[in-house]
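Novice: Structure file my_file_6.txt (compact mmCIF, C-alpha atoms and all ligand atoms) right here:
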# COMPACT_ATOMS: atom_id res chain seq x y z
CA MET C 8 -114.74 -49.49 97.01
CA THR C 9 -117.87 -49.68 94.89
CA GLN C 10 -120.36 -48.15 97.32
CA ARG C 11 -120.68 -44.36 96.98
CA VAL C 12 -119.92 -42.43 100.19
CA TYR C 13 -121.46 -39.20 101.41
CA ASN C 14 -118.83 -36.85 100.03
CA PHE C 15 -118.34 -33.67 102.07
CA SER C 16 -115.36 -32.49 99.97
CA ALA C 17 -114.96 -28.73 99.58
CA GLY C 18 -114.08 -29.10 95.90
CA PRO C 19 -114.02 -30.74 93.49
CA ALA C 20 -117.17 -31.85 95.19
CA VAL C 21 -120.23 -34.03 95.09
CA LEU C 22 -122.27 -34.04 91.86
CA PRO C 23 -125.86 -35.21 91.46
CA GLU C 24 -125.96 -38.97 90.98
CA LYS C 25 -128.50 -38.59 88.17
CA VAL C 26 -126.05 -36.38 86.29
CA LEU C 27 -123.18 -38.83 86.74
CA LEU C 28 -125.37 -41.68 85.49
CA GLN C 29 -126.35 -39.70 82.41
CA VAL C 30 -122.72 -38.84 81.72
CA GLN C 31 -121.88 -42.53 82.00
CA GLU C 32 -124.72 -43.51 79.69
CA GLU C 33 -123.79 -40.93 77.05
CA MET C 34 -120.00 -41.24 77.28
CA LEU C 35 -119.57 -43.52 74.29
CA CYS C 36 -122.15 -41.87 72.12
CA LEU C 37 -123.96 -38.60 72.65
CA PRO C 38 -127.55 -39.20 71.50
CA GLY C 39 -127.99 -38.19 67.87
CA VAL C 40 -124.28 -37.44 67.45
CA GLY C 41 -122.61 -40.84 67.01
CA ALA C 42 -119.52 -39.77 68.99
CA SER C 43 -118.55 -38.92 72.56
CA ILE C 44 -118.73 -35.41 73.96
CA LEU C 45 -114.97 -35.87 74.36
CA GLU C 46 -114.54 -36.30 70.61
CA ILE C 47 -116.53 -33.54 68.96
CA SER C 48 -115.50 -30.08 67.83
CA HIS C 49 -116.21 -27.11 70.05
CA ARG C 50 -117.48 -25.47 66.86
CA SER C 51 -119.84 -28.30 65.92
CA GLY C 52 -123.55 -27.56 65.88
CA GLU C 53 -124.02 -30.20 68.57
CA PHE C 54 -121.62 -28.55 71.01
CA ILE C 55 -122.89 -25.06 70.24
CA ALA C 56 -126.36 -26.27 71.19
CA ILE C 57 -124.93 -27.49 74.52
CA ILE C 58 -123.04 -24.30 75.42
CA GLU C 59 -126.02 -22.17 74.39
CA GLU C 60 -128.38 -24.23 76.51
CA ALA C 61 -126.00 -24.07 79.50
CA ALA C 62 -125.85 -20.27 79.23
CA ALA C 63 -129.63 -20.03 78.74
CA ASN C 64 -130.28 -22.24 81.78
CA ILE C 65 -127.94 -20.14 83.96
CA ARG C 66 -129.65 -16.98 82.69
CA SER C 67 -133.07 -18.37 83.44
CA LEU C 68 -132.18 -19.74 86.91
CA LEU C 69 -130.62 -16.43 88.00
CA SER C 70 -132.94 -14.14 85.95
CA ILE C 71 -129.97 -12.58 84.16
CA SER C 72 -131.01 -9.85 81.72
CA ASN C 73 -129.50 -9.04 78.34
CA ASP C 74 -127.44 -6.31 80.01
CA TYR C 75 -125.06 -9.10 81.02
CA ASP C 76 -122.92 -11.64 79.19
CA VAL C 77 -122.42 -15.18 80.49
CA LEU C 78 -118.93 -16.51 79.69
CA PHE C 79 -117.32 -19.93 80.09
CA LEU C 80 -113.60 -19.63 80.75
CA GLN C 81 -110.71 -21.70 82.07
CA GLY C 82 -108.09 -21.05 84.73
CA GLY C 83 -110.41 -21.46 87.73
CA GLY C 84 -111.26 -18.92 90.37
CA ARG C 85 -107.56 -18.10 90.61
CA LEU C 86 -107.24 -16.75 87.07
CA GLN C 87 -110.18 -14.44 87.79
CA PHE C 88 -108.19 -12.99 90.70
CA SER C 89 -105.95 -11.57 87.93
CA MET C 90 -108.44 -11.06 85.11
CA VAL C 91 -110.84 -8.96 87.18
CA PRO C 92 -108.29 -6.21 87.96
CA MET C 93 -106.58 -6.54 84.54
CA ASN C 94 -109.88 -5.71 82.83
CA LEU C 95 -111.77 -3.54 85.29
CA LEU C 96 -109.08 -1.42 86.94
CA ARG C 97 -109.01 1.96 85.24
CA PRO C 98 -105.57 3.61 84.82
CA GLY C 99 -104.74 5.71 87.88
CA ASP C 100 -107.63 4.37 89.96
CA SER C 101 -107.67 1.80 92.67
CA ALA C 102 -109.88 -1.17 93.61
CA ASP C 103 -111.45 -1.88 97.00
CA TYR C 104 -111.22 -5.35 98.54
CA ILE C 105 -113.43 -6.55 101.38
CA LEU C 106 -111.52 -9.34 103.08
CA THR C 107 -113.75 -11.91 104.76
CA GLY C 108 -111.45 -14.93 104.57
CA SER C 109 -108.65 -16.80 102.84
CA TRP C 110 -110.00 -16.56 99.29
CA GLY C 111 -110.49 -12.82 99.52
CA LYS C 112 -106.89 -12.48 100.69
CA ASN C 113 -105.72 -14.60 97.75
CA ALA C 114 -107.71 -12.41 95.37
CA LEU C 115 -106.10 -9.27 96.79
CA LYS C 116 -102.61 -10.75 96.50
CA GLU C 117 -103.06 -11.20 92.75
CA ALA C 118 -104.74 -7.82 92.26
CA LYS C 119 -101.77 -6.07 93.90
CA LYS C 120 -99.58 -7.37 91.08
CA VAL C 121 -101.85 -5.66 88.57
CA GLY C 122 -102.42 -2.24 90.08
CA GLN C 123 -103.55 -0.16 93.01
CA THR C 124 -105.74 -1.66 95.69
CA ARG C 125 -107.24 -0.67 99.04
CA VAL C 126 -108.58 -2.83 101.82
CA ALA C 127 -112.10 -1.61 102.60
CA TRP C 128 -112.56 -4.02 105.51
CA ASP C 129 -110.40 -6.77 106.97
CA GLY C 130 -111.91 -9.57 109.06
CA ALA C 131 -108.49 -10.94 110.09
CA GLU C 132 -108.79 -9.39 113.56
CA PHE C 133 -111.92 -11.52 114.08
CA ASP C 134 -110.23 -14.63 112.74
CA PHE C 135 -112.65 -14.29 109.80
CA ASP C 136 -115.66 -15.45 111.81
CA ARG C 137 -117.94 -12.61 110.63
CA LEU C 138 -118.85 -10.19 107.85
CA PRO C 139 -118.89 -6.40 107.92
CA ALA C 140 -122.01 -4.31 108.36
CA ASP C 141 -122.25 -1.69 105.58
CA ALA C 142 -121.44 1.05 108.10
CA GLU C 143 -118.06 -0.57 108.89
CA LEU C 144 -116.84 -0.41 105.28
CA SER C 145 -114.45 2.31 104.25
CA LEU C 146 -115.29 2.46 100.56
CA ASP C 147 -113.60 4.72 98.03
CA PRO C 148 -116.32 6.29 95.85
CA GLN C 149 -113.74 6.60 93.04
CA ALA C 150 -112.75 2.92 93.12
CA SER C 151 -112.83 1.00 89.83
CA PHE C 152 -114.69 -1.82 91.57
CA VAL C 153 -115.33 -3.39 94.98
CA HIS C 154 -114.40 -7.06 95.34
CA ILE C 155 -116.09 -9.48 97.72
CA THR C 156 -116.13 -13.24 98.25
CA SER C 157 -119.80 -14.15 98.69
CA ASN C 158 -118.96 -17.40 100.49
CA GLU C 159 -115.60 -18.01 102.14
CA THR C 160 -115.17 -21.72 101.52
CA ILE C 161 -112.40 -22.22 104.08
CA GLU C 162 -113.75 -20.26 107.07
CA GLY C 163 -117.45 -20.87 106.34
CA VAL C 164 -118.86 -17.33 106.34
CA GLN C 165 -121.35 -16.18 103.70
CA PHE C 166 -122.88 -12.83 102.83
CA ALA C 167 -126.67 -12.99 103.23
CA ALA C 168 -127.02 -9.78 101.18
CA GLU C 169 -124.73 -7.71 98.98
CA PRO C 170 -122.90 -4.75 100.54
CA GLU C 171 -124.13 -1.40 99.23
CA THR C 172 -121.46 -0.04 96.86
CA GLY C 173 -123.37 2.81 95.19
CA ASP C 174 -122.19 3.44 91.63
CA VAL C 175 -119.01 1.43 92.06
CA PRO C 176 -119.37 -1.96 90.32
CA LEU C 177 -119.43 -4.94 92.67
CA ALA C 178 -117.17 -7.83 91.57
CA CYS C 179 -117.92 -11.07 93.37
CA ASP C 180 -116.11 -14.37 93.73
CA ALA C 181 -119.09 -16.72 94.03
CA SER C 182 -117.04 -19.86 93.45
CA SER C 183 -118.56 -21.81 96.31
CA ASP C 184 -122.17 -20.62 96.29
CA PHE C 185 -123.00 -19.94 92.63
CA LEU C 186 -126.45 -21.35 91.69
CA SER C 187 -127.15 -22.26 95.33
CA ARG C 188 -129.62 -19.39 95.85
CA PRO C 189 -131.22 -16.53 93.89
CA LEU C 190 -129.13 -13.35 93.44
CA ALA C 191 -130.09 -9.73 92.82
CA ILE C 192 -128.02 -9.71 89.63
CA ASP C 193 -128.43 -5.99 88.98
CA LYS C 194 -126.41 -5.27 92.13
CA TYR C 195 -123.35 -6.80 90.46
CA GLY C 196 -120.93 -5.62 87.81
CA LEU C 197 -119.31 -9.03 87.60
CA ILE C 198 -119.74 -12.45 89.21
CA TYR C 199 -117.34 -15.34 88.72
CA ALA C 200 -117.39 -18.92 89.88
CA CYS C 201 -115.22 -21.93 89.19
CA ALA C 202 -117.55 -24.86 88.55
CA GLN C 203 -116.14 -27.54 90.82
CA LYS C 204 -117.95 -26.62 94.03
CA ASN C 205 -121.60 -26.44 93.04
CA VAL C 206 -122.13 -26.61 89.30
CA GLY C 207 -119.87 -29.13 87.61
CA PRO C 208 -116.40 -30.64 87.36
CA ALA C 209 -113.13 -28.71 87.51
CA GLY C 210 -112.07 -27.09 84.25
CA VAL C 211 -114.60 -24.36 83.59
CA THR C 212 -115.24 -21.02 85.27
CA ILE C 213 -118.40 -19.03 84.70
CA VAL C 214 -118.22 -15.24 84.44
CA VAL C 215 -121.34 -13.07 84.42
CA ILE C 216 -120.35 -9.55 83.38
CA ARG C 217 -122.36 -6.38 82.81
CA LYS C 218 -121.88 -5.51 79.15
CA ASP C 219 -120.96 -1.85 79.70
CA LEU C 220 -117.89 -2.98 81.67
CA LEU C 221 -116.50 -4.79 78.62
CA SER C 222 -115.33 -1.46 77.21
CA ARG C 223 -112.78 -1.24 80.04
CA SER C 224 -110.80 -4.18 78.62
CA ASP C 225 -107.63 -2.84 76.99
CA ALA C 226 -106.96 -4.31 73.52
CA LYS C 227 -103.31 -4.70 74.56
CA LEU C 228 -104.21 -7.38 77.11
CA PRO C 229 -103.20 -10.92 76.14
CA GLY C 230 -106.20 -12.29 74.20
CA TYR C 231 -107.14 -14.92 76.71
CA MET C 232 -107.10 -12.40 79.56
CA ASN C 233 -109.51 -10.05 77.79
CA TYR C 234 -113.23 -10.39 78.67
CA GLN C 235 -114.23 -8.50 75.55
CA VAL C 236 -112.49 -11.07 73.35
CA HIS C 237 -114.40 -13.90 75.04
CA ALA C 238 -117.69 -12.02 74.86
CA GLU C 239 -117.29 -11.20 71.15
CA ASN C 240 -116.54 -14.84 70.43
CA ASP C 241 -119.31 -16.36 72.55
CA SER C 242 -116.69 -18.08 74.77
CA LEU C 243 -115.28 -19.88 71.72
CA TRP C 244 -112.20 -17.74 71.03
CA ASN C 245 -110.09 -20.76 71.84
CA THR C 246 -111.15 -24.37 72.38
CA ALA C 247 -113.68 -24.24 75.18
CA PRO C 248 -113.56 -26.90 77.93
CA THR C 249 -116.23 -28.95 76.20
CA PHE C 250 -116.69 -31.76 78.72
CA PRO C 251 -117.03 -29.56 81.84
CA ILE C 252 -119.51 -27.30 80.00
CA TYR C 253 -121.54 -30.36 78.99
CA VAL C 254 -121.70 -31.44 82.65
CA VAL C 255 -122.59 -27.90 83.81
CA ASN C 256 -125.48 -28.01 81.35
CA LEU C 257 -126.71 -31.31 82.84
CA VAL C 258 -126.41 -29.86 86.36
CA THR C 259 -128.49 -26.81 85.42
CA ARG C 260 -131.15 -29.14 83.99
CA TRP C 261 -131.02 -31.18 87.21
CA ILE C 262 -131.59 -28.04 89.31
CA ARG C 263 -134.58 -27.12 87.17
CA ASP C 264 -136.07 -30.62 87.14
CA GLU C 265 -135.42 -31.35 90.81
CA PHE C 266 -136.20 -27.98 92.40
CA GLY C 267 -137.89 -25.82 89.77
CA ASP C 268 -136.09 -22.64 90.74
CA LEU C 269 -133.29 -21.30 92.95
CA THR C 270 -135.70 -20.17 95.67
CA LYS C 271 -136.70 -23.80 96.23
CA LEU C 272 -133.12 -24.95 96.01
CA ALA C 273 -132.05 -22.30 98.54
CA GLU C 274 -134.77 -23.53 100.91
CA ALA C 275 -133.41 -27.07 100.65
CA ASN C 276 -129.86 -25.78 101.25
CA ARG C 277 -131.01 -23.76 104.26
CA ALA C 278 -132.76 -26.80 105.73
CA LYS C 279 -129.60 -28.92 105.34
CA ALA C 280 -127.41 -26.25 106.95
CA ALA C 281 -129.88 -25.70 109.81
CA THR C 282 -129.84 -29.43 110.58
CA LEU C 283 -126.08 -29.25 111.10
CA TYR C 284 -125.92 -25.91 112.91
CA ASP C 285 -128.71 -27.01 115.26
CA GLU C 286 -126.58 -30.00 116.19
CA LEU C 287 -123.55 -27.76 116.90
CA ASP C 288 -125.70 -25.48 119.08
CA ALA C 289 -127.26 -28.41 120.94
CA SER C 290 -123.91 -30.06 121.75
CA GLU C 291 -123.22 -27.92 124.84
CA GLY C 292 -119.87 -26.79 123.54
CA PHE C 293 -118.55 -30.15 122.38
CA TYR C 294 -118.79 -28.89 118.80
CA ARG C 295 -117.96 -25.20 118.45
CA GLY C 296 -118.92 -23.52 115.19
CA HIS C 297 -116.35 -21.11 113.73
CA ALA C 298 -118.66 -18.47 112.23
CA VAL C 299 -120.85 -16.20 114.34
CA PRO C 300 -124.48 -17.33 113.85
CA GLU C 301 -125.58 -14.38 111.63
CA CYS C 302 -122.76 -15.04 109.16
CA ARG C 303 -122.88 -18.81 108.91
CA SER C 304 -122.40 -20.34 105.49
CA MET C 305 -125.12 -22.53 103.99
CA MET C 306 -122.42 -24.32 101.97
CA ASN C 307 -119.41 -24.96 104.23
CA VAL C 308 -120.08 -25.72 107.88
CA THR C 309 -116.89 -25.29 109.92
CA PHE C 310 -116.44 -26.35 113.52
CA ARG C 311 -113.99 -27.56 116.13
CA LEU C 312 -113.89 -30.33 118.70
CA PRO C 313 -112.32 -29.99 122.18
CA SER C 314 -108.86 -31.13 120.94
CA ASP C 315 -106.86 -31.80 117.78
CA GLU C 316 -106.68 -35.41 118.82
CA LEU C 317 -110.47 -35.73 118.94
CA THR C 318 -110.72 -33.90 115.62
CA SER C 319 -108.46 -36.47 113.91
CA LYS C 320 -110.38 -39.30 115.50
CA PHE C 321 -113.68 -37.74 114.37
CA VAL C 322 -112.55 -37.42 110.77
CA LYS C 323 -111.13 -40.93 110.69
CA GLU C 324 -114.13 -42.63 112.29
CA ALA C 325 -116.55 -40.66 110.11
CA LYS C 326 -114.74 -41.94 107.03
CA GLN C 327 -115.22 -45.51 108.22
CA GLU C 328 -118.95 -44.74 108.39
CA GLY C 329 -118.99 -43.55 104.77
CA LEU C 330 -118.86 -39.83 105.67
CA ASP C 331 -115.91 -38.68 103.65
CA ALA C 332 -113.62 -35.62 103.36
CA LEU C 333 -114.58 -33.83 106.59
CA LYS C 334 -111.10 -32.59 107.46
CA GLY C 335 -110.95 -28.79 107.70
CA HIS C 336 -108.66 -26.85 105.34
CA ARG C 337 -105.00 -27.25 106.29
CA SER C 338 -104.74 -23.53 107.07
CA VAL C 339 -107.45 -23.48 109.76
CA GLY C 340 -107.84 -27.09 110.98
CA GLY C 341 -111.00 -28.40 112.61
CA VAL C 342 -113.81 -30.01 110.67
CA ARG C 343 -115.50 -28.73 107.52
CA ALA C 344 -118.64 -30.26 106.10
CA SER C 345 -119.29 -28.94 102.60
CA ILE C 346 -122.95 -29.45 101.82
CA TYR C 347 -123.35 -28.11 98.30
CA ASN C 348 -126.48 -28.42 96.13
CA ALA C 349 -125.92 -32.09 95.33
CA MET C 350 -125.49 -33.23 98.96
CA PRO C 351 -128.78 -34.90 99.90
CA LEU C 352 -130.45 -34.15 103.24
CA ALA C 353 -129.96 -37.86 104.06
CA GLY C 354 -126.18 -37.27 103.96
CA VAL C 355 -126.46 -34.41 106.45
CA GLU C 356 -128.72 -36.49 108.68
CA ALA C 357 -126.23 -39.36 108.61
CA LEU C 358 -123.51 -36.92 109.67
CA VAL C 359 -125.66 -35.55 112.51
CA ASP C 360 -126.35 -39.09 113.76
CA PHE C 361 -122.63 -39.77 113.75
CA MET C 362 -121.93 -36.49 115.58
CA LYS C 363 -124.44 -37.33 118.33
CA ASP C 364 -122.92 -40.75 118.77
CA PHE C 365 -119.34 -39.42 118.75
CA ALA C 366 -120.15 -36.73 121.32
CA ARG C 367 -121.84 -39.31 123.54
CA ARG C 368 -118.75 -41.48 123.45
CA HIS C 369 -116.23 -38.65 123.95
CA GLY C 370 -118.12 -35.77 125.57
C1 LIG E 1 -112.17 -22.97 95.29
C2 LIG E 1 -112.23 -21.50 95.32
C3 LIG E 1 -111.37 -20.71 94.54
C4 LIG E 1 -110.24 -21.29 93.72
O1 LIG E 1 -110.65 -21.87 92.57
P1 LIG E 1 -109.62 -22.58 91.58
O2 LIG E 1 -110.53 -23.12 90.54
O3 LIG E 1 -108.88 -23.63 92.35
O4 LIG E 1 -108.70 -21.54 91.07
C5 LIG E 1 -111.52 -19.34 94.60
N1 LIG E 1 -112.43 -18.77 95.38
C6 LIG E 1 -113.27 -19.50 96.15
C7 LIG E 1 -114.28 -18.80 97.01
C8 LIG E 1 -113.19 -20.88 96.15
O5 LIG E 1 -114.01 -21.61 96.92
Using structure tokens, write down the structure that the file contains.
Specialist:
Amino acid sequence: MTQRVYNFSAGPAVLPEKVLLQVQEEMLCLPGVGASILEISHRSGEFIAIIEEAAANIRSLLSISNDYDVLFLQGGGRLQFSMVPMNLLRPGDSADYILTGSWGKNALKEAKKVGQTRVAWDGAEFDFDRLPADAELSLDPQASFVHITSNETIEGVQFAAEPETGDVPLACDASSDFLSRPLAIDKYGLIYACAQKNVGPAGVTIVVIRKDLLSRSDAKLPGYMNYQVHAENDSLWNTAPTFPIYVVNLVTRWIRDEFGDLTKLAEANRAKAATLYDELDASEGFYRGHAVPECRSMMNVTFRLPSDELTSKFVKEAKQEGLDALKGHRSVGGVRASIYNAMPLAGVEALVDFMKDFARRHG
């Protein structure tokens, strides 16, 4: 197949075509360098300029102040499930977890291996179709941190605003909505995001951490697991994932050039999501969205058809129309359309046209 499809994969996911073309063009020889990005030292001046620009662009897009460090790590979202409690959990204290879906549960599972945890809210009884109101949270004011998942990639629920956690630092897994909208950074102690949903290829994870929290990292931690070590070494303690960071840098430039700022990008993302949700709501129950309307994700739109048989048929026929990777996560079934930053509105419109036609034929 040589024609590019509309790729609705949940991750690794669609990247901007302009970025891919630039990567292709520069693969043999990075301009002014005489070698490929794959061939140069992570300590070369050329690569340091790239990692510094990537960090500066992320800072500028999210208005991150100097009270925070921006780190580029490996190990994906999953390693952060361990690193966050290893570094932030104070001896004798416990951490609060707000469970709004599968990723939050996975984060808690790893944290339990490290130390004491509490569940401050559990959406399991609602089949993870909604988020808690602040009043429903049972937060421990002594907790070392409160952990949330800003966007649950599998169930398709997304916090519209941060829960109020008082003086307790908020730690957030933003793996599937990082750089998709502006954030009130000062509400967070720590934000982490693997790159492969919205900001680049697999292989790099971005951590934004408030500098005062770095003093919690115990020197006895294995070096790689210690945020302070990475911060002191500007993310170059070991060989950084040079290629993924290079692509992240190109993606941040693309966001700036294409949208200007994250407010504009968020508007575009909202418009895409609304196009799809409007179609679900107009289908008279043929398509049933999973999330309650107030908690719907702008990134992962999850829904069901009247039967598993129709769901399989939908996914298969969509693929033949160039609408790829719409199968829901194996744990929840149904359909999931991931419509990250790089998914054009035209892709969403093509999906909506297909949905109308499919419902007409099978409704
Ligand atoms: C994809 C994802 C992860 C897992 O990331 P890995 O890089 O595979 O470890 C964690 N949290 C969320 C919200 C995700 O979407």
Novice: What does the distance between atom CA of C:Ser67 and atom CA of C:Val258 come to in Å, to one decimal place?
Specialist: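 That distance, rounded to one decimal, is 13.6 Å.
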Novice: Quick one: everything within 8 Å of C:Phe15, counting only C-alpha atoms, minus sequence neighbours fewer than 4 positions away in the same chain. Send it as an MDAnalysis selection string.
Specialist: chainID C and resid 20:21 330:333 343:346 350
Novice: Within 7 Å of ligand LIG 1 (chain E) (counting all atoms listed in the file), which residues show up? I'd like them as an mmCIF file with C-alpha atoms, in the coordinates of the input.
Specialist:
data_model
loop_
_atom_site.group_PDB
_atom_site.id
_atom_site.type_symbol
_atom_site.label_atom_id
_atom_site.label_comp_id
_atom_site.auth_asym_id
_atom_site.auth_seq_id
_atom_site.Cartn_x
_atom_site.Cartn_y
_atom_site.Cartn_z
ATOM 1 C CA GLY C 18 -114.080 -29.100 95.900
ATOM 2 C CA GLY C 82 -108.090 -21.050 84.730
ATOM 3 C CA GLY C 83 -110.410 -21.460 87.730
ATOM 4 C CA GLY C 84 -111.260 -18.920 90.370
ATOM 5 C CA ARG C 85 -107.560 -18.100 90.610
ATOM 6 C CA LEU C 86 -107.240 -16.750 87.070
ATOM 7 C CA TRP C 110 -110.000 -16.560 99.290
ATOM 8 C CA THR C 156 -116.130 -13.240 98.250
ATOM 9 C CA ASN C 158 -118.960 -17.400 100.490
ATOM 10 C CA GLU C 159 -115.600 -18.010 102.140
ATOM 11 C CA THR C 160 -115.170 -21.720 101.520
ATOM 12 C CA ASP C 180 -116.110 -14.370 93.730
ATOM 13 C CA ALA C 181 -119.090 -16.720 94.030
ATOM 14 C CA SER C 182 -117.040 -19.860 93.450
ATOM 15 C CA SER C 183 -118.560 -21.810 96.310
ATOM 16 C CA CYS C 201 -115.220 -21.930 89.190
ATOM 17 C CA LYS C 204 -117.950 -26.620 94.030
ATOM 18 C CA ALA C 209 -113.130 -28.710 87.510
#
Novice: Using all atoms listed in the file, which of the listed residues (C:Gly230, C:Gly354, C:Pro208, C:Pro248) sits closest to C:Val30?
Specialist: C:Pro208
Novice: Mind pulling up the distance from atom CA of C:Asn64 to atom CA of C:Pro351?
Specialist: 22.2 Å
Novice: Which of these residues is nearest to C:Asn73, using all atoms listed in the file: C:Asp134, C:Glu33, C:Glu169, C:Asp219?
Specialist: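 Nearest to C:Asn73: C:Asp219.
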Novice: Which value, in Å to one decimal, gives the distance between atom CA of C:Met34 and atom CA of C:Tyr347?
Specialist: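 Those two atoms sit 25.0 Å apart.
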Novice: Between C:Tyr284, C:Phe88, C:Tyr234, C:Trp261, which one has atoms that come closest to C:Ala178, using all atoms listed in the file?
Specialist: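 Smallest separation from C:Ala178 among the options: C:Phe88.
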Novice: Give the answer as one residue: which of C:His154, C:His237, C:Lys271, C:Lys363 has the shortest atom-to-atom distance to C:Ala127, using all atoms listed in the file?
Specialist: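 Nearest candidate to C:Ala127 out of C:His154, C:His237, C:Lys271, C:Lys363: C:His154.
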Novice: So, with only C-alpha atoms as the atoms that count, which of C:Pro148, C:Pro251, C:Gly108, C:Gly341 lies closest to C:Thr309?
Specialist: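 Selected residue with least distance to C:Thr309: C:Gly341.
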Novice: Would you mind listing what lies within 9 Å of C:Gly122 as a PyMOL selection string, with only C-alpha atoms counted and same-chain residues fewer than 4 positions away left out?
Specialist: chain C and resi 92-93+96+98-102+118
Novice: Padding of 5 Å on every side, edges along x, y and z, all listed atoms of stretch 60-78 of chain C included: what centre and edge lengths in Å, to one decimal, does that box have, as lines of an AutoDock Vina configuration file?
Specialist:
center_x = -126.0
center_y = -15.3
center_z = 82.3
size_x = 24.1
size_y = 27.9
size_z = 21.5
Novice: Given the choices C:Ala325, C:Leu228, C:Val254, C:Leu221, which gets closest to C:Gln203 if the distance is worked out from only C-alpha atoms?
Specialist: C:Val254
Novice: Pick out the residues sitting within 10 Å of C:Thr246, and hand them over as an NGL selection string; count all atoms listed in the file, and ignore anything fewer than 5 positions along from it in its own chain.
Specialist: :C and (48-50 or 80)
Novice: Could you check which residues have any atom within 12 Å of (-114.5, -42.8, 109.3), counting all atoms listed in the file with coordinates taken straight from the file, and then list them as a list in words?
Specialist: Val12, Tyr13, Asn14, Thr318, Ser319, Lys320, Phe321, Val322, Lys323, Glu324, Ala325, Lys326, Gln327, Glu328, Gly329, Leu330, Asp331, Ala332, Leu333, Lys334, Leu358, Phe361, Met362 and Phe365 of chain C
Novice: Within 9 Å of (-109.7, -8.2, 107.9) (file coordinates; all atoms listed in the file), which protein or nucleic acid residues are there? I'd like them as a list in words.
Specialist: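 Here is the list of nearby residues: Ile105, Leu106, Thr107, Gly108, Lys112, Val126, Ala127, Trp128, Asp129, Gly130, Ala131, Glu132, Phe133, Asp134 and Phe135 of chain C.
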Novice: Env of stretch 56-63 of chain C: 12 Å cut, atoms = all atoms listed in the file, seq-sep filter 6 positions within chain, self excluded. Answer as a ChimeraX atom specification.
Specialist: /C:37,40,44,47-50,69-73,75-80,206-207,211,213-215,241-243,247-263
Novice: As a PDB file with C-alpha atoms, in the coordinates of the input, please: the residues near stretch 273-280 of chain C (cut-off 8 Å, all atoms listed in the file, same-chain neighbours under 4 positions excluded).
Specialist:
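Final output, out-v1.pdb:
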ATOM      1  CA  SER C 187    -127.150 -22.260  95.330  1.00  0.00           C
ATOM      2  CA  ARG C 188    -129.620 -19.390  95.850  1.00  0.00           C
ATOM      3  CA  PRO C 189    -131.220 -16.530  93.890  1.00  0.00           C
ATOM      4  CA  LEU C 269    -133.290 -21.300  92.950  1.00  0.00           C
ATOM      5  CA  TYR C 284    -125.920 -25.910 112.910  1.00  0.00           C
ATOM      6  CA  SER C 304    -122.400 -20.340 105.490  1.00  0.00           C
ATOM      7  CA  MET C 305    -125.120 -22.530 103.990  1.00  0.00           C
ATOM      8  CA  MET C 306    -122.420 -24.320 101.970  1.00  0.00           C
ATOM      9  CA  VAL C 308    -120.080 -25.720 107.880  1.00  0.00           C
ATOM     10  CA  ILE C 346    -122.950 -29.450 101.820  1.00  0.00           C
ATOM     11  CA  TYR C 347    -123.350 -28.110  98.300  1.00  0.00           C
ATOM     12  CA  ASN C 348    -126.480 -28.420  96.130  1.00  0.00           C
ATOM     13  CA  LEU C 352    -130.450 -34.150 103.240  1.00  0.00           C
ATOM     14  CA  VAL C 355    -126.460 -34.410 106.450  1.00  0.00           C
TER      15      VAL C 355
END
Novice: Just write stretch 36-42 of chain C with N, CA, C and O atoms, as a tab-separated table (two decimals), in the first residue's frame, taken from the block above.
Specialist:
chain	number	residue	atom	x	y	z
C	36	CYS	N	21.21	13.19	5.89
C	36	CYS	CA	22.14	14.26	6.20
C	36	CYS	C	21.40	15.43	6.84
C	36	CYS	O	20.67	16.15	6.18
C	37	LEU	N	21.59	15.59	8.13
C	37	LEU	CA	20.97	16.70	8.84
C	37	LEU	C	21.62	17.99	8.34
C	37	LEU	O	22.85	18.08	8.33
C	38	PRO	N	20.84	18.98	7.92
C	38	PRO	CA	21.44	20.18	7.33
C	38	PRO	C	22.56	20.77	8.21
C	38	PRO	O	22.37	20.92	9.42
C	39	GLY	N	23.68	21.02	7.60
C	39	GLY	CA	24.81	21.63	8.31
C	39	GLY	C	25.62	20.65	9.15
C	39	GLY	O	26.59	21.03	9.80
C	40	VAL	N	25.21	19.38	9.18
C	40	VAL	CA	25.88	18.41	10.05
C	40	VAL	C	26.69	17.40	9.25
C	40	VAL	O	27.76	16.95	9.67
C	41	GLY	N	26.20	17.01	8.07
C	41	GLY	CA	26.95	16.06	7.25
C	41	GLY	C	26.77	14.62	7.70
C	41	GLY	O	27.49	13.72	7.28
C	42	ALA	N	25.82	14.37	8.59
C	42	ALA	CA	25.53	13.00	9.04
C	42	ALA	C	24.06	12.95	9.43
C	42	ALA	O	23.41	13.98	9.60
